[in-house]
Amino acid sequence: MKGTNFSTPAGFILLGFSDQPRLEMVLLLVVSVTYTLTLTGNTVIILASYLCPKLHTPMYFFLSNLSFLDLCFTTSIVPQMLWNLRGPAKTISYTGCVLQLYVALGLGSTECVLLAVMAYDRFSAICQPLHYDVIMHPKLLQQLAALAWISGFVEATVQTILVFQLSLCSHHRVDDFMCEVPALIKSACVNTSFLENELAVASVLYVVVPLGLILVSYGGIVRSVLRIKSAQGRRKACGTCGSHLLVVVLFFGSIISVYIQPKSKYTQNHSKFLTLFYTVVTPALNPLIYTLRNKEVKWALRGLLRRVPR
């Protein structure tokens, strides 16, 4: 590929919202609170899934994976973001940028696949309830989780290597608050057609295909729910899927807006807020969505609170 970067830069300037200092102060407060909620909520979900025997099911196995992923995802981004928001220095080292891109890409891709796996779990539970325990046996659960994690970081490895082979402009300014592929491509001073095409292929494999599988799964779920005669049975079936479906809409909606929609100055200005949403807000909302809409999680949390010595 043309444009190999022979001189390694000392670091990058993350422009982020530096042209709006008042907004930065607001974001500093909002991101700090949201990050605290993310750490607390996802840790509670993991502990509840591990300590409560009633939650030792495939659904909560995958949910604990999602919570652990969200903890790592936000921690790879938010501390650097808070440091940049609090003062005039907006820099990140070259090594820090490489690591941030690699970890964020790997975890983001893993989440896309994991959400598709969780949709298959819900499909099996509702459409094949009599065979559910046989289908979703412990070995398969481990294999599906491993598939999500390994495939996510394989994609991250390829993307990170390709991105940092580019010759970047001497100013080393990245028009975002984190090291992300679209922003780094725009800071390159060479033809990036090959990398943009590769990114399009990766977006299809890790965004469009998982989303398609999720839609197919929910198509089968809808058909099964419509065949249920009792209203109570329908509500129970919908209740088991509602939380997951809401998480899918929030996560994939923002991902598609950043990585797939046509690029323009308008979308670039708004893509920062969309990136902020799926990297900071969504991981904080996930525990609330699963807790507020799920009686089993509420019951498990009450049980954990009763164990706490007073």
# chains A, B, ... in the order shown; residues from 1 in each chain; ligands from 1
>>> residues_around(residues="segment 69-72 of chain A", least_positions_apart="2", cutoff="8 Å", atoms="only C-alpha atoms", output="PDB file with N, CA and C atoms, in the first residue's frame")
ATOM      1  N   THR A  38     -21.448   3.949  34.581  1.00  0.00           N
ATOM      2  CA  THR A  38     -21.033   2.791  33.789  1.00  0.00           C
ATOM      3  C   THR A  38     -20.262   1.793  34.651  1.00  0.00           C
ATOM      4  N   LEU A  39     -19.290   2.302  35.405  1.00  0.00           N
ATOM      5  CA  LEU A  39     -18.486   1.426  36.261  1.00  0.00           C
ATOM      6  C   LEU A  39     -19.360   0.729  37.306  1.00  0.00           C
ATOM      7  N   ASN A  42     -22.360  -1.729  35.503  1.00  0.00           N
ATOM      8  CA  ASN A  42     -21.874  -2.953  34.870  1.00  0.00           C
ATOM      9  C   ASN A  42     -21.193  -3.879  35.876  1.00  0.00           C
ATOM     10  N   THR A  43     -20.523  -3.308  36.887  1.00  0.00           N
ATOM     11  CA  THR A  43     -19.939  -4.144  37.936  1.00  0.00           C
ATOM     12  C   THR A  43     -21.032  -4.878  38.714  1.00  0.00           C
ATOM     13  N   ASN A  65     -20.863 -10.952  29.920  1.00  0.00           N
ATOM     14  CA  ASN A  65     -19.833 -10.671  28.916  1.00  0.00           C
ATOM     15  C   ASN A  65     -19.992  -9.256  28.366  1.00  0.00           C
ATOM     16  N   LEU A  66     -21.243  -8.869  28.096  1.00  0.00           N
ATOM     17  CA  LEU A  66     -21.510  -7.528  27.580  1.00  0.00           C
ATOM     18  C   LEU A  66     -21.122  -6.466  28.599  1.00  0.00           C
ATOM     19  N   SER A  67     -21.423  -6.699  29.869  1.00  0.00           N
ATOM     20  CA  SER A  67     -21.084  -5.725  30.906  1.00  0.00           C
ATOM     21  C   SER A  67     -19.569  -5.593  31.067  1.00  0.00           C
ATOM     22  N   THR A  74     -15.287   1.560  27.752  1.00  0.00           N
ATOM     23  CA  THR A  74     -15.288   2.944  28.226  1.00  0.00           C
ATOM     24  C   THR A  74     -13.961   3.314  28.892  1.00  0.00           C
ATOM     25  N   THR A  75     -13.347   2.358  29.589  1.00  0.00           N
ATOM     26  CA  THR A  75     -12.081   2.642  30.267  1.00  0.00           C
ATOM     27  C   THR A  75     -10.950   2.877  29.267  1.00  0.00           C
ATOM     28  N   SER A  76     -11.061   2.325  28.067  1.00  0.00           N
ATOM     29  CA  SER A  76     -10.037   2.561  27.042  1.00  0.00           C
ATOM     30  C   SER A  76     -10.153   3.953  26.421  1.00  0.00           C
ATOM     31  N   LEU A 107     -13.078  -4.105  20.909  1.00  0.00           N
ATOM     32  CA  LEU A 107     -14.247  -4.227  21.775  1.00  0.00           C
ATOM     33  C   LEU A 107     -15.528  -3.822  21.055  1.00  0.00           C
ATOM     34  N   GLU A 111     -18.640  -6.330  20.400  1.00  0.00           N
ATOM     35  CA  GLU A 111     -20.013  -6.056  20.829  1.00  0.00           C
ATOM     36  C   GLU A 111     -21.014  -6.294  19.710  1.00  0.00           C
ATOM     37  N   PRO A 283     -22.960   2.472  27.092  1.00  0.00           N
ATOM     38  CA  PRO A 283     -22.506   1.555  28.146  1.00  0.00           C
ATOM     39  C   PRO A 283     -23.088   1.867  29.518  1.00  0.00           C
TER      40      PRO A 283
END
>>> select_by_dssp(residues="segment 51-229 of chain A", states="helix (DSSP H, G or I)", output="JSON, numbers by chain")
{"A": [51, 53, 54, 55, 58, 59, 60, 61, 62, 63, 64, 65, 66, 67, 68, 69, 70, 71, 72, 73, 74, 75, 78, 79, 80, 81, 82, 83, 84, 85, 94, 95, 96, 97, 98, 99, 100, 101, 102, 103, 104, 105, 106, 107, 108, 109, 110, 111, 112, 113, 114, 115, 116, 117, 118, 119, 120, 121, 122, 123, 124, 125, 126, 127, 129, 130, 131, 132, 133, 134, 135, 138, 139, 140, 141, 142, 143, 144, 145, 146, 147, 148, 149, 150, 151, 152, 153, 154, 155, 156, 157, 158, 159, 160, 161, 162, 163, 181, 182, 183, 184, 185, 186, 193, 194, 195, 196, 197, 198, 199, 200, 201, 202, 203, 204, 205, 206, 207, 208, 209, 210, 211, 212, 213, 214, 215, 216, 217, 218, 219, 220, 221, 222, 223, 224, 225, 226, 227]}
>>> residues_around(residues="Phe177 of chain A", least_positions_apart="3", cutoff="7 Å", atoms="only C-alpha atoms", output="ChimeraX atom specification")
/A:14-16,81
>>> write_last_selection(atoms="all heavy atoms", output="compact mmCIF listing (two decimals), in the first residue's frame")
# COMPACT_ATOMS: atom_id res chain seq x y z
N LEU A 14 -5.82 15.72 19.65
CA LEU A 14 -7.22 15.38 19.51
C LEU A 14 -8.05 16.65 19.65
O LEU A 14 -8.22 17.18 20.75
CB LEU A 14 -7.61 14.36 20.58
CG LEU A 14 -6.86 13.02 20.56
CD1 LEU A 14 -7.28 12.15 21.73
CD2 LEU A 14 -7.08 12.29 19.24
N LEU A 15 -8.53 17.16 18.52
CA LEU A 15 -9.24 18.44 18.52
C LEU A 15 -10.54 18.37 19.32
O LEU A 15 -10.87 19.29 20.07
CB LEU A 15 -9.52 18.89 17.09
CG LEU A 15 -8.29 19.14 16.22
CD1 LEU A 15 -8.71 19.54 14.81
CD2 LEU A 15 -7.40 20.21 16.83
N GLY A 16 -11.28 17.28 19.15
CA GLY A 16 -12.51 17.10 19.91
C GLY A 16 -13.44 18.30 19.82
O GLY A 16 -13.81 18.75 18.74
N MET A 81 -10.16 11.05 27.54
CA MET A 81 -11.11 12.10 27.17
C MET A 81 -11.27 13.12 28.30
O MET A 81 -11.27 14.34 28.07
CB MET A 81 -12.47 11.48 26.83
CG MET A 81 -13.50 12.49 26.32
SD MET A 81 -15.17 11.80 26.32
CE MET A 81 -14.93 10.31 25.38
>>> residues_around(residues="Tyr50 of chain A", least_positions_apart="2", cutoff="12 Å", atoms="only C-alpha atoms", output="mmCIF file with all heavy atoms, in the first residue's frame")
data_model
loop_
_atom_site.group_PDB
_atom_site.id
_atom_site.type_symbol
_atom_site.label_atom_id
_atom_site.label_comp_id
_atom_site.auth_asym_id
_atom_site.auth_seq_id
_atom_site.Cartn_x
_atom_site.Cartn_y
_atom_site.Cartn_z
ATOM 1 N N THR A 43 -20.523 -3.308 36.887
ATOM 2 C CA THR A 43 -19.939 -4.144 37.936
ATOM 3 C C THR A 43 -21.032 -4.878 38.714
ATOM 4 O O THR A 43 -20.887 -6.065 39.039
ATOM 5 C CB THR A 43 -19.093 -3.289 38.898
ATOM 6 O OG1 THR A 43 -18.044 -2.646 38.169
ATOM 7 C CG2 THR A 43 -18.481 -4.148 39.998
ATOM 8 N N VAL A 44 -22.122 -4.183 39.003
ATOM 9 C CA VAL A 44 -23.246 -4.803 39.720
ATOM 10 C C VAL A 44 -23.839 -5.944 38.890
ATOM 11 O O VAL A 44 -24.153 -7.018 39.432
ATOM 12 C CB VAL A 44 -24.317 -3.749 40.042
ATOM 13 C CG1 VAL A 44 -25.613 -4.415 40.501
ATOM 14 C CG2 VAL A 44 -23.815 -2.798 41.119
ATOM 15 N N ILE A 45 -24.007 -5.733 37.577
ATOM 16 C CA ILE A 45 -24.545 -6.785 36.710
ATOM 17 C C ILE A 45 -23.649 -8.024 36.731
ATOM 18 O O ILE A 45 -24.119 -9.159 36.828
ATOM 19 C CB ILE A 45 -24.693 -6.276 35.266
ATOM 20 C CG1 ILE A 45 -25.792 -5.207 35.171
ATOM 21 C CG2 ILE A 45 -24.999 -7.430 34.307
ATOM 22 C CD1 ILE A 45 -27.186 -5.711 35.347
ATOM 23 N N ILE A 46 -22.328 -7.812 36.635
ATOM 24 C CA ILE A 46 -21.385 -8.932 36.641
ATOM 25 C C ILE A 46 -21.454 -9.693 37.964
ATOM 26 O O ILE A 46 -21.507 -10.931 37.988
ATOM 27 C CB ILE A 46 -19.955 -8.427 36.382
ATOM 28 C CG1 ILE A 46 -19.844 -7.878 34.957
ATOM 29 C CG2 ILE A 46 -18.939 -9.541 36.593
ATOM 30 C CD1 ILE A 46 -18.535 -7.163 34.671
ATOM 31 N N LEU A 47 -21.465 -8.958 39.090
ATOM 32 C CA LEU A 47 -21.532 -9.603 40.407
ATOM 33 C C LEU A 47 -22.839 -10.368 40.590
ATOM 34 O O LEU A 47 -22.834 -11.492 41.103
ATOM 35 C CB LEU A 47 -21.370 -8.551 41.507
ATOM 36 C CG LEU A 47 -19.982 -7.923 41.646
ATOM 37 C CD1 LEU A 47 -20.003 -6.820 42.692
ATOM 38 C CD2 LEU A 47 -18.943 -8.982 42.003
ATOM 39 N N ALA A 48 -23.949 -9.750 40.156
ATOM 40 C CA ALA A 48 -25.243 -10.415 40.299
ATOM 41 C C ALA A 48 -25.290 -11.691 39.464
ATOM 42 O O ALA A 48 -25.782 -12.732 39.915
ATOM 43 C CB ALA A 48 -26.359 -9.467 39.877
ATOM 44 N N CYS A 52 -25.557 -14.901 42.010
ATOM 45 C CA CYS A 52 -26.941 -15.365 42.152
ATOM 46 C C CYS A 52 -27.159 -16.630 41.314
ATOM 47 O O CYS A 52 -27.111 -16.575 40.081
ATOM 48 C CB CYS A 52 -27.913 -14.279 41.718
ATOM 49 S SG CYS A 52 -29.643 -14.771 41.888
ATOM 50 N N PRO A 53 -27.406 -17.774 41.934
ATOM 51 C CA PRO A 53 -27.604 -19.028 41.178
ATOM 52 C C PRO A 53 -28.754 -18.949 40.173
ATOM 53 O O PRO A 53 -28.711 -19.605 39.131
ATOM 54 C CB PRO A 53 -27.903 -20.054 42.279
ATOM 55 C CG PRO A 53 -27.295 -19.474 43.519
ATOM 56 C CD PRO A 53 -27.460 -17.989 43.382
ATOM 57 N N LYS A 54 -29.769 -18.150 40.481
ATOM 58 C CA LYS A 54 -30.915 -18.046 39.582
ATOM 59 C C LYS A 54 -30.534 -17.419 38.245
ATOM 60 O O LYS A 54 -31.230 -17.607 37.239
ATOM 61 C CB LYS A 54 -32.017 -17.218 40.259
ATOM 62 C CG LYS A 54 -33.356 -17.283 39.543
ATOM 63 C CD LYS A 54 -34.424 -16.554 40.325
ATOM 64 C CE LYS A 54 -35.780 -16.667 39.620
ATOM 65 N NZ LYS A 54 -36.856 -15.974 40.370
ATOM 66 N N LEU A 55 -29.434 -16.674 38.227
ATOM 67 C CA LEU A 55 -28.993 -16.011 36.996
ATOM 68 C C LEU A 55 -27.910 -16.799 36.267
ATOM 69 O O LEU A 55 -27.299 -16.276 35.338
ATOM 70 C CB LEU A 55 -28.476 -14.601 37.312
ATOM 71 C CG LEU A 55 -29.472 -13.643 37.959
ATOM 72 C CD1 LEU A 55 -28.869 -12.257 38.084
ATOM 73 C CD2 LEU A 55 -30.778 -13.586 37.172
ATOM 74 N N HIS A 56 -27.678 -18.039 36.664
ATOM 75 C CA HIS A 56 -26.699 -18.881 35.970
ATOM 76 C C HIS A 56 -27.364 -19.509 34.744
ATOM 77 O O HIS A 56 -27.572 -20.726 34.675
ATOM 78 C CB HIS A 56 -26.140 -19.945 36.905
ATOM 79 C CG HIS A 56 -25.287 -19.380 37.990
ATOM 80 N ND1 HIS A 56 -24.777 -20.138 39.032
ATOM 81 C CD2 HIS A 56 -24.832 -18.113 38.215
ATOM 82 C CE1 HIS A 56 -24.059 -19.370 39.837
ATOM 83 N NE2 HIS A 56 -24.082 -18.141 39.357
ATOM 84 N N THR A 57 -27.732 -18.665 33.794
ATOM 85 C CA THR A 57 -28.402 -19.084 32.564
ATOM 86 C C THR A 57 -27.650 -18.496 31.373
ATOM 87 O O THR A 57 -26.842 -17.570 31.537
ATOM 88 C CB THR A 57 -29.856 -18.588 32.545
ATOM 89 O OG1 THR A 57 -29.863 -17.152 32.518
ATOM 90 C CG2 THR A 57 -30.631 -19.076 33.765
ATOM 91 N N TYR A 60 -27.812 -14.584 30.946
ATOM 92 C CA TYR A 60 -27.011 -13.764 31.857
ATOM 93 C C TYR A 60 -25.516 -14.039 31.706
ATOM 94 O O TYR A 60 -24.696 -13.200 32.067
ATOM 95 C CB TYR A 60 -27.482 -13.964 33.298
ATOM 96 C CG TYR A 60 -28.887 -13.459 33.472
ATOM 97 C CD1 TYR A 60 -29.962 -14.340 33.525
ATOM 98 C CD2 TYR A 60 -29.140 -12.091 33.512
ATOM 99 C CE1 TYR A 60 -31.260 -13.873 33.640
ATOM 100 C CE2 TYR A 60 -30.435 -11.622 33.620
ATOM 101 C CZ TYR A 60 -31.495 -12.503 33.684
ATOM 102 O OH TYR A 60 -32.764 -12.041 33.777
ATOM 103 N N PHE A 61 -25.170 -15.184 31.155
ATOM 104 C CA PHE A 61 -23.773 -15.433 30.791
ATOM 105 C C PHE A 61 -23.341 -14.423 29.734
ATOM 106 O O PHE A 61 -22.278 -13.796 29.837
ATOM 107 C CB PHE A 61 -23.611 -16.864 30.279
ATOM 108 C CG PHE A 61 -22.257 -17.131 29.668
ATOM 109 C CD1 PHE A 61 -21.144 -17.346 30.469
ATOM 110 C CD2 PHE A 61 -22.110 -17.179 28.291
ATOM 111 C CE1 PHE A 61 -19.896 -17.598 29.902
ATOM 112 C CE2 PHE A 61 -20.870 -17.430 27.718
ATOM 113 C CZ PHE A 61 -19.754 -17.640 28.528
ATOM 114 N N PHE A 62 -24.175 -14.256 28.710
ATOM 115 C CA PHE A 62 -23.848 -13.294 27.656
ATOM 116 C C PHE A 62 -23.967 -11.857 28.161
ATOM 117 O O PHE A 62 -23.190 -10.983 27.763
ATOM 118 C CB PHE A 62 -24.761 -13.503 26.444
ATOM 119 C CG PHE A 62 -24.517 -14.794 25.715
ATOM 120 C CD1 PHE A 62 -25.556 -15.683 25.478
ATOM 121 C CD2 PHE A 62 -23.252 -15.130 25.277
ATOM 122 C CE1 PHE A 62 -25.334 -16.876 24.812
ATOM 123 C CE2 PHE A 62 -23.011 -16.334 24.605
ATOM 124 C CZ PHE A 62 -24.055 -17.205 24.376
ATOM 125 N N LEU A 63 -24.931 -11.607 29.047
ATOM 126 C CA LEU A 63 -25.086 -10.262 29.598
ATOM 127 C C LEU A 63 -23.869 -9.867 30.429
ATOM 128 O O LEU A 63 -23.406 -8.716 30.361
ATOM 129 C CB LEU A 63 -26.355 -10.188 30.456
ATOM 130 C CG LEU A 63 -26.643 -8.840 31.127
ATOM 131 C CD1 LEU A 63 -26.719 -7.721 30.096
ATOM 132 C CD2 LEU A 63 -27.931 -8.910 31.946
ATOM 133 N N SER A 64 -23.314 -10.803 31.194
ATOM 134 C CA SER A 64 -22.111 -10.487 31.972
ATOM 135 C C SER A 64 -20.921 -10.235 31.049
ATOM 136 O O SER A 64 -20.062 -9.396 31.337
ATOM 137 C CB SER A 64 -21.802 -11.618 32.956
ATOM 138 O OG SER A 64 -21.561 -12.833 32.275
ATOM 139 N N ASN A 65 -20.863 -10.952 29.920
ATOM 140 C CA ASN A 65 -19.833 -10.671 28.916
ATOM 141 C C ASN A 65 -19.992 -9.256 28.366
ATOM 142 O O ASN A 65 -19.003 -8.531 28.185
ATOM 143 C CB ASN A 65 -19.916 -11.682 27.763
ATOM 144 C CG ASN A 65 -19.074 -12.905 27.986
ATOM 145 O OD1 ASN A 65 -17.937 -12.997 27.523
ATOM 146 N ND2 ASN A 65 -19.623 -13.870 28.701
ATOM 147 N N VAL A 297 -33.354 -9.697 37.422
ATOM 148 C CA VAL A 297 -32.201 -8.905 37.844
ATOM 149 C C VAL A 297 -32.543 -8.110 39.095
ATOM 150 O O VAL A 297 -31.734 -8.025 40.030
ATOM 151 C CB VAL A 297 -31.731 -7.966 36.716
ATOM 152 C CG1 VAL A 297 -30.599 -7.056 37.197
ATOM 153 C CG2 VAL A 297 -31.267 -8.766 35.511
ATOM 154 N N ALA A 300 -32.403 -10.437 41.979
ATOM 155 C CA ALA A 300 -31.022 -10.784 42.309
ATOM 156 C C ALA A 300 -30.332 -9.642 43.044
ATOM 157 O O ALA A 300 -29.582 -9.865 44.008
ATOM 158 C CB ALA A 300 -30.247 -11.134 41.042
ATOM 159 N N LEU A 301 -30.585 -8.407 42.616
ATOM 160 C CA LEU A 301 -29.977 -7.250 43.274
ATOM 161 C C LEU A 301 -30.482 -7.093 44.698
ATOM 162 O O LEU A 301 -29.712 -6.760 45.610
ATOM 163 C CB LEU A 301 -30.258 -5.983 42.461
ATOM 164 C CG LEU A 301 -29.583 -5.889 41.095
ATOM 165 C CD1 LEU A 301 -29.972 -4.593 40.400
ATOM 166 C CD2 LEU A 301 -28.076 -5.989 41.231
ATOM 167 N N LEU A 304 -28.649 -9.560 46.751
ATOM 168 C CA LEU A 304 -27.274 -9.134 47.046
ATOM 169 C C LEU A 304 -27.253 -8.084 48.143
ATOM 170 O O LEU A 304 -26.379 -8.092 49.017
ATOM 171 C CB LEU A 304 -26.615 -8.583 45.775
ATOM 172 C CG LEU A 304 -26.236 -9.606 44.692
ATOM 173 C CD1 LEU A 304 -25.666 -8.884 43.477
ATOM 174 C CD2 LEU A 304 -25.237 -10.615 45.226
#
>>> residues_around(residues="segment 234-242 of chain A", least_positions_apart="3", cutoff="8 Å", atoms="only C-alpha atoms", output="JSON, numbers by chain")
{"A": [122, 126, 225, 226, 228, 229, 230, 231, 245, 246, 293, 294]}
>>> residues_around(residues="Gln142 of chain A", least_positions_apart="3", cutoff="12 Å", atoms="only C-alpha atoms", output="PyMOL selection string")
chain A and resi 58+61-62+65+114+117+136-139+145-150
>>> write_last_selection(atoms="all heavy atoms", output="tab-separated table (two decimals), in the first residue's frame")
chain	number	residue	atom	x	y	z
A	58	PRO	N	-27.89	-19.03	30.16
A	58	PRO	CA	-27.21	-18.49	28.98
A	58	PRO	C	-27.40	-16.99	28.79
A	58	PRO	O	-26.46	-16.27	28.45
A	58	PRO	CB	-27.83	-19.28	27.82
A	58	PRO	CG	-28.22	-20.57	28.44
A	58	PRO	CD	-28.67	-20.24	29.83
A	61	PHE	N	-25.17	-15.18	31.15
A	61	PHE	CA	-23.77	-15.43	30.79
A	61	PHE	C	-23.34	-14.42	29.73
A	61	PHE	O	-22.28	-13.80	29.84
A	61	PHE	CB	-23.61	-16.86	30.28
A	61	PHE	CG	-22.26	-17.13	29.67
A	61	PHE	CD1	-21.14	-17.35	30.47
A	61	PHE	CD2	-22.11	-17.18	28.29
A	61	PHE	CE1	-19.90	-17.60	29.90
A	61	PHE	CE2	-20.87	-17.43	27.72
A	61	PHE	CZ	-19.75	-17.64	28.53
A	62	PHE	N	-24.17	-14.26	28.71
A	62	PHE	CA	-23.85	-13.29	27.66
A	62	PHE	C	-23.97	-11.86	28.16
A	62	PHE	O	-23.19	-10.98	27.76
A	62	PHE	CB	-24.76	-13.50	26.44
A	62	PHE	CG	-24.52	-14.79	25.71
A	62	PHE	CD1	-25.56	-15.68	25.48
A	62	PHE	CD2	-23.25	-15.13	25.28
A	62	PHE	CE1	-25.33	-16.88	24.81
A	62	PHE	CE2	-23.01	-16.33	24.60
A	62	PHE	CZ	-24.06	-17.20	24.38
A	65	ASN	N	-20.86	-10.95	29.92
A	65	ASN	CA	-19.83	-10.67	28.92
A	65	ASN	C	-19.99	-9.26	28.37
A	65	ASN	O	-19.00	-8.53	28.19
A	65	ASN	CB	-19.92	-11.68	27.76
A	65	ASN	CG	-19.07	-12.91	27.99
A	65	ASN	OD1	-17.94	-13.00	27.52
A	65	ASN	ND2	-19.62	-13.87	28.70
A	114	LEU	N	-21.40	-9.99	19.58
A	114	LEU	CA	-22.02	-10.48	20.82
A	114	LEU	C	-23.51	-10.19	20.85
A	114	LEU	O	-24.31	-11.02	21.31
A	114	LEU	CB	-21.33	-9.85	22.03
A	114	LEU	CG	-21.77	-10.35	23.41
A	114	LEU	CD1	-21.53	-11.85	23.55
A	114	LEU	CD2	-21.04	-9.59	24.51
A	117	VAL	N	-25.16	-12.79	18.83
A	117	VAL	CA	-25.21	-14.04	19.58
A	117	VAL	C	-26.33	-14.01	20.61
A	117	VAL	O	-27.07	-14.99	20.80
A	117	VAL	CB	-23.85	-14.30	20.28
A	117	VAL	CG1	-23.96	-15.45	21.27
A	117	VAL	CG2	-22.77	-14.60	19.24
A	136	MET	N	-28.47	-24.63	23.91
A	136	MET	CA	-27.55	-23.67	24.53
A	136	MET	C	-26.82	-24.32	25.70
A	136	MET	O	-26.92	-23.89	26.85
A	136	MET	CB	-28.33	-22.43	24.98
A	136	MET	CG	-29.10	-21.73	23.87
A	136	MET	SD	-28.06	-21.20	22.50
A	136	MET	CE	-27.14	-19.86	23.26
A	137	HIS	N	-26.07	-25.37	25.40
A	137	HIS	CA	-25.31	-26.05	26.45
A	137	HIS	C	-24.04	-25.25	26.77
A	137	HIS	O	-23.60	-24.41	25.98
A	137	HIS	CB	-24.98	-27.48	26.03
A	137	HIS	CG	-24.27	-27.57	24.71
A	137	HIS	ND1	-22.91	-27.43	24.57
A	137	HIS	CD2	-24.76	-27.79	23.46
A	137	HIS	CE1	-22.57	-27.57	23.31
A	137	HIS	NE2	-23.66	-27.78	22.61
A	138	PRO	N	-23.43	-25.49	27.94
A	138	PRO	CA	-22.28	-24.68	28.38
A	138	PRO	C	-21.14	-24.60	27.37
A	138	PRO	O	-20.52	-23.55	27.20
A	138	PRO	CB	-21.85	-25.37	29.68
A	138	PRO	CG	-23.09	-26.01	30.19
A	138	PRO	CD	-23.85	-26.44	28.97
A	139	LYS	N	-20.84	-25.69	26.69
A	139	LYS	CA	-19.73	-25.67	25.72
A	139	LYS	C	-20.03	-24.73	24.58
A	139	LYS	O	-19.15	-23.97	24.12
A	139	LYS	CB	-19.47	-27.09	25.19
A	139	LYS	CG	-18.24	-27.17	24.30
A	139	LYS	CD	-17.96	-28.61	23.88
A	139	LYS	CE	-16.72	-28.67	22.98
A	139	LYS	NZ	-16.43	-30.06	22.56
A	145	ALA	N	-19.12	-17.15	22.82
A	145	ALA	CA	-18.45	-16.00	23.43
A	145	ALA	C	-17.03	-15.84	22.88
A	145	ALA	O	-16.59	-14.73	22.57
A	145	ALA	CB	-18.42	-16.16	24.96
A	146	ALA	N	-16.33	-16.97	22.74
A	146	ALA	CA	-14.97	-16.93	22.18
A	146	ALA	C	-14.99	-16.42	20.74
A	146	ALA	O	-14.12	-15.64	20.32
A	146	ALA	CB	-14.33	-18.31	22.24
A	147	LEU	N	-16.00	-16.85	19.96
A	147	LEU	CA	-16.13	-16.38	18.58
A	147	LEU	C	-16.27	-14.86	18.53
A	147	LEU	O	-15.62	-14.20	17.71
A	147	LEU	CB	-17.36	-17.04	17.94
A	147	LEU	CG	-17.75	-16.50	16.55
A	147	LEU	CD1	-16.68	-16.82	15.52
A	147	LEU	CD2	-19.11	-17.08	16.13
A	148	ALA	N	-17.10	-14.32	19.41
A	148	ALA	CA	-17.30	-12.86	19.44
A	148	ALA	C	-16.00	-12.13	19.78
A	148	ALA	O	-15.61	-11.18	19.09
A	148	ALA	CB	-18.40	-12.50	20.45
A	149	TRP	N	-15.31	-12.57	20.83
A	149	TRP	CA	-14.10	-11.87	21.27
A	149	TRP	C	-12.97	-12.02	20.26
A	149	TRP	O	-12.29	-11.04	19.93
A	149	TRP	CB	-13.67	-12.41	22.64
A	149	TRP	CG	-14.52	-11.94	23.77
A	149	TRP	CD1	-15.62	-12.55	24.29
A	149	TRP	CD2	-14.38	-10.72	24.51
A	149	TRP	NE1	-16.17	-11.81	25.31
A	149	TRP	CE2	-15.41	-10.68	25.47
A	149	TRP	CE3	-13.46	-9.67	24.47
A	149	TRP	CZ2	-15.56	-9.63	26.38
A	149	TRP	CZ3	-13.61	-8.62	25.37
A	149	TRP	CH2	-14.65	-8.61	26.30
A	150	ILE	N	-12.75	-13.23	19.76
A	150	ILE	CA	-11.63	-13.45	18.83
A	150	ILE	C	-11.86	-12.74	17.51
A	150	ILE	O	-10.96	-12.07	16.98
A	150	ILE	CB	-11.43	-14.97	18.61
A	150	ILE	CG1	-10.94	-15.62	19.91
A	150	ILE	CG2	-10.41	-15.21	17.49
A	150	ILE	CD1	-10.88	-17.14	19.84
>>> atom_distance(atom1="atom CA of Val158 of chain A", atom2="atom CA of Phe194 of chain A")
13.2 Å
>>> select_by_dssp(residues="segment 9-171 of chain A", states="strand (DSSP E or B)", output="PyMOL selection string")
chain A and resi 11-14+91-93+168
>>> residues_around(residues="Phe123 of chain A", least_positions_apart="2", cutoff="9 Å", atoms="only C-alpha atoms", output="list in words")
Met118, Ala119, Tyr120, Asp121, Ala125, Ile126, Cys127, Gln128, Ser217, Tyr218, Gly220 and Ile221 of chain A
>>> closest_residue(among="A:Val174, A:Ala284, A:Leu37, A:Leu82", to="Cys97 of chain A", atoms="only C-alpha atoms")
A:Val174
>>> closest_residue(among="A:Asn197, A:Ser124, A:Ser224, A:Ser254", to="Gln159 of chain A", atoms="only C-alpha atoms")
A:Asn197
